[in-house]
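Here is the file my_file16.cif (mmCIF, C-alpha atoms and all ligand atoms).
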data_work
#
loop_
_atom_site.label_atom_id
_atom_site.label_comp_id
_atom_site.auth_asym_id
_atom_site.auth_seq_id
_atom_site.Cartn_x
_atom_site.Cartn_y
_atom_site.Cartn_z
CA MET A 1 0.00 0.00 0.00
CA TYR A 2 1.09 3.58 -0.69
CA PRO A 3 2.07 6.19 0.28
CA ARG A 4 4.63 4.64 2.54
CA ILE A 5 7.63 5.70 4.52
CA VAL A 6 10.30 3.03 4.34
CA ALA A 7 12.96 2.79 7.06
CA ASP A 8 16.16 0.81 6.61
CA ILE A 9 16.65 -0.70 10.07
CA SER A 10 20.26 -1.81 9.71
CA LYS A 11 21.37 1.59 8.43
CA LEU A 12 19.53 3.23 11.31
CA GLN A 13 21.27 0.92 13.78
CA ASP A 14 24.65 1.74 12.21
CA ASN A 15 23.92 5.42 12.82
CA TYR A 16 23.13 4.90 16.49
CA ARG A 17 26.18 2.71 17.07
CA PHE A 18 28.29 5.40 15.42
CA ILE A 19 26.93 8.31 17.46
CA LYS A 20 27.19 6.35 20.72
CA LYS A 21 30.86 5.73 20.08
CA GLU A 22 31.48 9.26 18.86
CA LEU A 23 29.93 10.80 22.01
CA ASP A 24 31.03 8.15 24.51
CA TYR A 25 32.48 10.78 26.84
CA LEU A 26 29.04 12.12 27.73
CA ASP A 27 25.52 11.11 28.68
CA LEU A 28 23.81 10.83 25.30
CA PHE A 29 20.01 11.00 25.02
CA VAL A 30 18.70 10.13 21.59
CA VAL A 31 15.68 12.12 20.46
CA THR A 32 13.09 10.02 18.68
CA LYS A 33 10.26 12.50 18.08
CA CYS A 34 10.82 12.76 14.33
CA PHE A 35 9.50 9.22 13.90
CA SER A 36 6.92 9.51 16.68
CA SER A 37 8.95 7.03 18.75
CA HIS A 38 7.60 4.22 16.60
CA PRO A 39 7.96 1.00 18.67
CA THR A 40 9.71 -0.95 15.87
CA LEU A 41 12.39 1.73 15.59
CA ILE A 42 12.68 2.16 19.36
CA LYS A 43 13.37 -1.58 19.67
CA ALA A 44 15.92 -1.46 16.86
CA ILE A 45 17.75 1.45 18.46
CA TYR A 46 17.69 -0.31 21.83
CA ASP A 47 19.21 -3.36 20.17
CA ALA A 48 21.95 -1.09 18.83
CA GLY A 49 22.89 -0.36 22.44
CA ILE A 50 21.00 2.84 23.23
CA ARG A 51 19.39 3.10 26.69
CA ASN A 52 18.56 6.82 27.02
CA PHE A 53 15.60 8.10 25.02
CA ALA A 54 14.06 11.56 24.80
CA ASP A 55 10.86 12.81 23.17
CA SER A 56 8.79 15.95 23.41
CA ARG A 57 5.38 14.26 23.57
CA ILE A 58 4.25 12.39 26.67
CA LEU A 59 2.34 9.91 24.48
CA ASN A 60 5.63 8.98 22.81
CA ILE A 61 7.40 8.73 26.17
CA LYS A 62 4.69 6.26 27.23
CA THR A 63 5.32 4.23 24.05
CA ILE A 64 9.05 4.11 24.80
CA LYS A 65 8.49 2.94 28.40
CA GLU A 66 6.06 0.29 27.24
CA THR A 67 8.41 -0.88 24.47
CA VAL A 68 11.74 -0.98 26.32
CA SER A 69 10.85 -0.83 30.01
CA ASP A 70 14.39 -0.56 31.39
CA ALA A 71 15.24 2.48 29.24
CA THR A 72 15.64 5.92 30.78
CA THR A 73 13.16 8.45 29.40
CA MET A 74 13.40 12.21 29.20
CA LEU A 75 10.44 14.47 28.40
CA LEU A 76 11.68 17.38 26.30
CA ARG A 77 8.66 19.67 26.17
CA LEU A 78 7.80 21.42 29.41
CA PRO A 79 5.07 19.43 31.21
CA ALA A 80 1.53 20.84 31.01
CA PHE A 81 -0.57 20.80 34.20
CA SER A 82 -2.94 18.35 32.52
CA GLU A 83 -0.23 15.73 31.98
CA ILE A 84 1.57 15.80 35.36
CA GLU A 85 0.40 12.32 36.39
CA ASP A 86 1.69 10.70 33.19
CA VAL A 87 4.95 12.66 33.35
CA ILE A 88 5.69 11.20 36.78
CA LYS A 89 4.60 7.75 35.65
CA TYR A 90 6.49 7.50 32.33
CA ALA A 91 9.29 10.10 32.28
CA ASP A 92 12.35 9.57 34.47
CA ILE A 93 13.54 13.09 33.73
CA SER A 94 11.67 16.17 32.51
CA LEU A 95 12.83 19.58 31.33
CA ASN A 96 11.26 22.44 33.28
CA SER A 97 11.13 26.21 33.64
CA GLU A 98 8.06 26.97 35.81
CA LEU A 99 8.04 26.71 39.62
CA GLU A 100 4.30 26.15 39.67
CA THR A 101 4.70 23.12 37.40
CA ILE A 102 7.64 21.78 39.42
CA ASN A 103 5.52 22.06 42.58
CA LYS A 104 2.79 20.01 40.94
CA LEU A 105 5.36 17.42 39.83
CA ASN A 106 6.59 17.24 43.43
CA ILE A 107 3.07 16.61 44.79
CA GLU A 108 2.38 13.91 42.19
CA ALA A 109 5.80 12.28 42.71
CA LYS A 110 5.06 12.08 46.45
CA LYS A 111 1.75 10.41 45.61
CA GLN A 112 3.50 7.85 43.37
CA ASN A 113 6.27 7.50 45.96
CA ILE A 114 9.19 8.36 43.70
CA VAL A 115 11.75 11.10 43.28
CA HIS A 116 11.41 12.76 39.88
CA LYS A 117 14.46 14.26 38.20
CA ILE A 118 14.28 17.61 36.48
CA ILE A 119 16.59 19.60 34.28
CA LEU A 120 16.09 23.33 34.65
CA MET A 121 16.10 25.01 31.28
CA ILE A 122 18.11 28.20 30.88
CA ASP A 123 17.35 30.46 27.91
CA LEU A 124 20.63 31.67 26.43
CA GLY A 125 18.91 33.90 23.87
CA ASP A 126 17.18 31.50 21.51
CA LEU A 127 13.91 32.66 23.10
CA ARG A 128 11.96 29.46 23.25
CA GLU A 129 11.76 27.80 26.68
CA GLY A 130 13.75 28.43 29.83
CA ILE A 131 14.35 31.03 32.51
CA MET A 132 16.54 33.83 31.17
CA TYR A 133 20.26 33.37 31.80
CA ASN A 134 20.40 36.79 33.47
CA SER A 135 17.34 36.27 35.71
CA ASP A 136 17.40 35.39 39.43
CA TYR A 137 18.06 31.69 38.94
CA ILE A 138 19.70 31.35 42.37
CA ASN A 139 16.38 32.14 44.05
CA PHE A 140 14.55 29.83 41.63
CA ILE A 141 16.93 26.94 42.31
CA SER A 142 16.81 27.43 46.08
CA GLU A 143 13.01 27.02 45.87
CA VAL A 144 13.43 23.81 43.84
CA LEU A 145 15.93 22.40 46.35
CA LYS A 146 13.27 22.60 49.09
CA LEU A 147 11.10 20.00 47.36
CA ASP A 148 11.38 16.45 48.77
CA ASN A 149 10.31 14.49 45.70
CA ILE A 150 12.12 16.52 43.08
CA GLU A 151 15.80 16.09 42.33
CA LEU A 152 17.47 18.93 40.50
CA HIS A 153 19.38 16.63 38.18
CA GLY A 154 20.83 19.32 35.98
CA ILE A 155 20.58 22.51 34.02
CA GLY A 156 20.27 22.68 30.28
CA THR A 157 19.57 24.79 27.29
CA ASN A 158 17.94 24.56 23.92
CA VAL A 159 19.19 26.55 20.97
CA THR A 160 18.68 26.74 17.22
CA CYS A 161 15.02 25.81 17.48
CA TYR A 162 13.20 29.10 17.43
CA GLY A 163 15.71 31.94 17.40
CA ALA A 164 18.19 29.93 15.29
CA ILE A 165 21.05 30.87 17.61
CA ILE A 166 24.10 28.72 16.91
CA PRO A 167 25.70 27.55 20.16
CA SER A 168 29.30 28.54 20.71
CA LYS A 169 31.83 27.59 23.35
CA GLU A 170 31.18 30.99 24.94
CA THR A 171 27.37 30.61 25.10
CA LEU A 172 27.65 27.17 26.69
CA GLU A 173 30.17 28.47 29.22
CA ILE A 174 27.35 30.60 30.65
CA LEU A 175 25.87 27.29 31.87
CA VAL A 176 29.18 26.28 33.42
CA ASN A 177 29.28 29.61 35.27
CA ILE A 178 25.75 29.06 36.56
CA LYS A 179 26.73 25.61 37.83
CA ASN A 180 29.75 27.10 39.62
CA GLU A 181 27.69 29.91 41.13
CA VAL A 182 25.09 27.44 42.43
CA LYS A 183 27.87 25.43 44.09
CA GLU A 184 29.26 28.56 45.67
CA LYS A 185 26.01 30.19 46.83
CA LEU A 186 23.81 27.17 47.56
CA ASN A 187 26.44 24.50 48.14
CA TYR A 188 24.69 22.25 45.65
CA ASP A 189 26.42 20.18 43.00
CA ILE A 190 24.60 20.23 39.69
CA LYS A 191 25.54 16.88 38.18
CA VAL A 192 24.40 17.37 34.62
CA ILE A 193 24.77 20.18 32.12
CA SER A 194 22.73 19.43 29.03
CA GLY A 195 24.31 21.40 26.23
CA GLY A 196 21.61 21.30 23.61
CA ASN A 197 20.61 19.34 20.52
CA SER A 198 22.12 18.48 17.14
CA SER A 199 23.18 22.07 16.67
CA SER A 200 25.81 21.58 19.39
CA TYR A 201 27.35 18.70 17.44
CA HIS A 202 29.64 21.04 15.50
CA LEU A 203 31.34 21.89 18.81
CA HIS A 204 32.06 18.20 19.33
CA LEU A 205 33.54 18.00 15.82
CA LYS A 206 35.77 21.00 16.51
CA ASN A 207 36.70 19.76 19.99
CA GLU A 208 35.18 22.91 21.44
CA LEU A 209 32.50 21.47 23.67
CA PRO A 210 33.32 22.68 27.20
CA LYS A 211 34.33 19.63 29.25
CA GLU A 212 31.62 20.35 31.84
CA ILE A 213 28.92 19.76 29.19
CA ASN A 214 28.18 16.12 29.99
CA ASN A 215 24.81 15.62 28.32
CA LEU A 216 23.44 16.17 24.80
CA ARG A 217 20.01 15.49 23.32
CA ILE A 218 20.58 14.36 19.75
CA GLY A 219 17.94 13.77 17.08
CA GLU A 220 18.63 15.10 13.61
CA VAL A 221 22.34 14.27 13.37
CA VAL A 222 21.85 10.59 14.03
CA VAL A 223 18.62 10.20 12.04
CA LEU A 224 19.46 12.23 8.93
CA GLY A 225 23.19 12.82 9.14
CA SER A 226 22.94 16.59 8.97
CA GLU A 227 24.41 18.74 11.68
CA SER A 228 21.83 21.44 12.31
CA ALA A 229 23.98 24.49 13.10
CA TYR A 230 25.51 24.84 9.64
CA GLY A 231 23.65 22.05 7.84
CA GLN A 232 26.85 20.16 7.08
CA GLN A 233 26.85 16.49 6.24
CA VAL A 234 28.24 14.38 9.07
CA LYS A 235 30.71 11.70 8.01
CA GLY A 236 29.95 8.23 9.30
CA ILE A 237 26.15 8.63 9.29
CA HIS A 238 23.87 7.15 6.61
CA ARG A 239 21.72 9.95 5.21
CA ASP A 240 19.35 7.67 3.35
CA VAL A 241 17.68 5.68 6.14
CA PHE A 242 14.20 6.92 5.22
CA LYS A 243 12.50 7.12 1.81
CA LEU A 244 8.98 8.16 0.94
CA GLU A 245 7.29 6.11 -1.80
CA THR A 246 4.16 7.44 -3.49
CA GLU A 247 1.92 6.15 -6.24
CA VAL A 248 1.00 8.01 -9.45
CA ILE A 249 -2.78 8.31 -9.97
CA GLU A 250 -2.86 10.63 -13.00
CA VAL A 251 -0.46 11.65 -15.79
CA LYS A 252 -1.59 14.25 -18.34
CA ASP A 253 -0.25 16.97 -20.59
CA LYS A 254 -1.78 20.19 -19.30
CA PRO A 255 -1.13 23.93 -19.40
CA SER A 256 1.23 25.14 -16.68
CA HIS A 257 -0.90 28.22 -16.03
CA PRO A 258 -4.42 27.86 -14.53
CA ILE A 259 -7.24 28.92 -16.85
CA GLY A 260 -9.57 31.75 -15.75
CA GLU A 261 -9.51 34.30 -12.92
CA ILE A 262 -7.05 33.38 -10.14
CA GLY A 263 -8.20 33.66 -6.53
CA VAL A 264 -6.80 31.92 -3.44
CA ASN A 265 -6.07 28.19 -3.28
CA ALA A 266 -7.51 25.64 -0.84
CA PHE A 267 -5.14 26.92 1.87
CA GLY A 268 -5.96 30.60 1.50
CA GLU A 269 -2.70 31.32 -0.35
CA LYS A 270 -2.44 33.45 -3.45
CA LEU A 271 0.22 31.81 -5.63
CA GLU A 272 2.12 32.91 -8.70
CA TYR A 273 1.84 30.44 -11.56
CA LEU A 274 4.69 30.39 -14.06
CA ASP A 275 3.51 29.94 -17.65
CA LYS A 276 5.76 27.36 -19.28
CA GLY A 277 3.18 26.27 -21.84
CA ILE A 278 1.92 22.69 -22.03
CA HIS A 279 3.87 20.24 -19.89
CA ARG A 280 3.47 16.74 -18.50
CA ARG A 281 2.00 16.62 -15.00
CA ALA A 282 1.59 13.72 -12.63
CA ILE A 283 -0.46 13.47 -9.46
CA VAL A 284 0.64 11.22 -6.60
CA SER A 285 -1.72 10.27 -3.80
CA ILE A 286 -0.35 12.17 -0.84
CA GLY A 287 -1.12 15.69 0.29
CA ARG A 288 -0.73 18.38 2.86
CA GLN A 289 -2.71 16.35 5.36
CA ASP A 290 0.36 14.09 5.40
CA VAL A 291 3.33 16.29 4.56
CA HIS A 292 4.25 19.69 3.10
CA HIS A 293 5.67 19.57 -0.42
CA ASP A 294 8.46 22.02 0.48
CA ASN A 295 10.00 19.32 2.67
CA LEU A 296 10.20 16.62 -0.02
CA TYR A 297 13.02 16.01 -2.51
CA PRO A 298 12.15 14.05 -5.68
CA SER A 299 14.73 12.33 -7.84
CA LYS A 300 16.27 13.95 -10.91
CA GLY A 301 13.90 14.85 -13.72
CA ILE A 302 10.91 15.41 -11.41
CA THR A 303 9.88 18.84 -10.12
CA ILE A 304 7.31 19.50 -7.42
CA ILE A 305 4.63 21.95 -8.59
CA GLY A 306 2.50 22.10 -5.46
CA SER A 307 -0.03 20.24 -3.36
CA SER A 308 -3.49 20.37 -1.87
CA SER A 309 -4.83 18.30 1.06
CA ASP A 310 -4.73 14.97 -0.74
CA HIS A 311 -2.88 15.54 -4.04
CA LEU A 312 0.75 16.30 -4.80
CA ILE A 313 1.32 17.62 -8.33
CA LEU A 314 4.60 17.02 -10.14
CA GLU A 315 6.16 18.02 -13.44
CA VAL A 316 7.50 14.82 -15.01
CA ASP A 317 8.97 13.55 -18.25
CA GLU A 318 7.77 10.92 -20.74
CA SER A 319 9.07 8.04 -18.61
CA ILE A 320 6.41 8.39 -15.88
CA ASN A 321 3.11 6.48 -16.16
CA VAL A 322 -0.03 5.96 -14.08
CA GLY A 323 0.67 3.36 -11.41
CA ASP A 324 4.38 4.16 -11.17
CA ILE A 325 6.01 4.61 -7.78
CA ILE A 326 7.79 7.90 -7.21
CA THR A 327 10.34 8.08 -4.42
CA PHE A 328 11.31 11.15 -2.40
CA ASP A 329 14.09 11.97 0.02
CA VAL A 330 12.87 13.45 3.27
CA GLU A 331 14.14 15.87 5.89
CA TYR A 332 13.34 16.46 9.56
CA ALA A 333 10.07 18.31 9.01
CA SER A 334 8.71 15.83 6.49
CA LEU A 335 9.66 12.81 8.60
CA LEU A 336 7.85 14.34 11.57
CA MET A 337 4.64 14.73 9.58
CA LEU A 338 4.85 11.46 7.66
CA TYR A 339 5.16 9.40 10.85
CA THR A 340 2.26 11.34 12.36
CA SER A 341 -0.12 10.76 9.45
CA LYS A 342 -2.18 7.62 9.82
CA TYR A 343 -2.61 7.61 6.02
CA VAL A 344 1.09 6.91 5.46
CA TYR A 345 2.08 3.23 5.83
CA LYS A 346 5.17 2.58 7.93
CA ILE A 347 7.40 -0.05 6.37
CA PHE A 348 10.62 -1.48 7.84
CA LYS A 349 13.22 -3.37 5.86
C1 LIG A 401 13.70 18.36 19.49
C2 LIG A 401 14.53 18.64 20.65
C3 LIG A 401 15.85 18.16 20.70
C4 LIG A 401 16.49 17.39 19.56
O1 LIG A 401 16.77 18.24 18.51
P1 LIG A 401 17.60 17.72 17.22
O2 LIG A 401 17.85 18.96 16.46
O3 LIG A 401 16.73 16.76 16.51
O4 LIG A 401 18.84 17.10 17.72
C5 LIG A 401 16.58 18.39 21.84
N1 LIG A 401 16.08 19.10 22.86
C6 LIG A 401 14.83 19.61 22.85
C7 LIG A 401 14.33 20.39 24.02
C8 LIG A 401 14.01 19.39 21.75
O5 LIG A 401 12.76 19.89 21.72
#

Could you quickly redo this structure as structure tokens?
Ligand SMILES: *Cc1c(COP(=O)(O)O)cnc(C)c1O
Amino acid sequence: MYPRIVADISKLQDNYRFIKKELDYLDLFVVTKCFSSHPTLIKAIYDAGIRNFADSRILNIKTIKETVSDATTMLLRLPAFSEIEDVIKYADISLNSELETINKLNIEAKKQNIVHKIILMIDLGDLREGIMYNSDYINFISEVLKLDNIELHGIGTNVTCYGAIIPSKETLEILVNIKNEVKEKLNYDIKVISGGNSSSYHLHLKNELPKEINNLRIGEVVVLGSESAYGQQVKGIHRDVFKLETEVIEVKDKPSHPIGEIGVNAFGEKLEYLDKGIHRRAIVSIGRQDVHHDNLYPSKGITIIGSSSDHLILEVDESINVGDIITFDVEYASLLMLYTSKYVYKIFK
């Protein structure tokens, strides 16, 4: 059945073995959200030797715990009040930035009779989550240290997600300074400094990761082989683990410019249509309900024209016929959506 996203398990396992070896001097958490923590892939990665898993959705964290019960799980997105009970139940560690939430986690952890670990997120300027690096974190941390069922496991940061800030040695040293100040003022040893995601990988490559950074949360590098600070290809990682296969349902020679008055399309967008005369167009049965066409890469000779909810339109040559299978390379954003869509079959080879 099509469309389908095909994952090459042995290539994926190679990637995880490689990254584990490469980053063996720190506590590596692999981030599995881009394939919705699919149980088949979680098992495969576990078999490749990975024990620490991180995901931003609590539903995915639950899947991981139920698939590989002795794995350590980290919830990446700040817990919502409505999911506190599940966070305590399924996540061993959660990232946090709100005292009110941490208090609720403490109460629930007491109820479930466990100590829950948190990593306090510090915003170094990327402006997504975290308390600002120049705010009164000493007071914040002293409040956290009063809680019986919360362990302040570490501090961490997230960069290059919203503000597209590229982490440098200097930015990450702000975290080291915070750790040192907490030791000095509160006499508390912060064990873990989590230095970010795939965009910190370039510091590892350049040997510039401060030695106190002893934790990274890595998704994109290991899944797709691209380092997300500068978009460079990482040697040693297979980039072609995932392929999208779609099926052609129409091929016709048609004008390249719509006929009649042009308004807005099905998504409220007003597009420019280039007039290239009559050309050969193919439709494949996938659409924006499953993936955005900007995040797909067809093979040579095929150009993406656009898509609506259920149809992706391509410019093709004479060689393409109805019923043919057209394959696309994917990237992070497309993978995320394709694994989320229930209309896309998940195939493992
Ligand atoms: C998604 C996410 C990551 C992983 O990012 P990659 O770029 O895939 O390595 C790490 N940390 C947080 C908080 C995230 O949301």

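Within the 12 Å cut-off around A:Asn113, using all atoms listed in the file and omitting residues fewer than 2 positions from it on the same chain, the listed residues are A:Ile88, A:Lys89, A:Leu105, A:Asn106, A:Ile107, A:Glu108, A:Ala109, A:Lys110, A:Lys111, A:Val115, A:His116, A:Asp148, A:Asn149, A:Ile150.
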
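Using all atoms listed in the file, the shortest contact distance between ligand LIG 401 (chain A) and any of A:Ala266, A:Leu99, A:Met74, A:Ile50 is found at A:Met74.
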
Emit as lines of an AutoDock Vina configuration file the padded axis-aligned box for all listed atoms of stretch 114-119 of chain A, 4 Å per side, with centre and edge lengths in Å to one decimal.
center_x = 12.9
center_y = 14.0
center_z = 39.0
size_x = 15.4
size_y = 19.2
size_z = 17.4

Within 9 Å of ligand LIG 401 (chain A), counting only C-alpha atoms and all ligand atoms, residues as JSON, numbers by chain: {"A": [29, 30, 31, 32, 33, 34, 54, 55, 56, 75, 76, 77, 78, 95, 121, 129, 156, 157, 158, 159, 160, 161, 196, 197, 198, 199, 200, 201, 216, 217, 218, 219, 220, 221, 222, 223, 227, 228, 229, 332]}

Counting all atoms listed in the file, the option among A:Leu209, A:Leu28, A:Val284, A:Ile320 closest to A:Glu170: A:Leu209

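Here the question is which of A:Val144, A:Met132, A:Ile84, A:Ile237 gets nearest to A:Tyr16 using all atoms listed in the file, and that residue is A:Ile237.
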
Option closest in space to A:Asn134, from A:Ile174, A:Leu23, A:Ile58, A:Ile118 [counting all atoms listed in the file]: A:Ile174

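The set of protein, DNA and RNA residues with any counted atom at most 7 Å from (3.3, 14.0, 5.3) (all atoms listed in the file) reads A:Gly287, A:Arg288, A:Gln289, A:Asp290, A:Val291, A:His292, A:Ser334, A:Met337, A:Leu338, A:Ser341.
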
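Going from atom CA of A:His311 to atom CA of A:Leu224 covers 26.0 Å.
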
Nearest to A:Lys342 by atom-to-atom distance, counting only C-alpha atoms, from A:Phe328, A:Ile190, A:Ser10, A:Ile286: A:Ile286

Interatomic distance, atom CA of A:Val6 to atom CA of A:Tyr230 (Å, one decimal): 27.1 Å

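Across the structure, atom CA of A:Val182 and atom CA of A:Tyr133 are spaced 13.1 Å apart.
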
Of the listed residues A:Ile138, A:Leu145, A:Pro167, A:Asn321, that which approaches A:Glu184 most closely, counting only C-alpha atoms: A:Ile138

Contacts of A:Phe35 at 7 Å (all atoms listed in the file; same-chain gap of 3+ positions) as a VMD selection string: chain A and resid 32 38 335 to 336 339

Residue list as a PyMOL selection string for point (9.4, 8.2, 32.7), cut-off 7 Å, all atoms listed in the file: chain A and resi 61+65+72-74+87-93
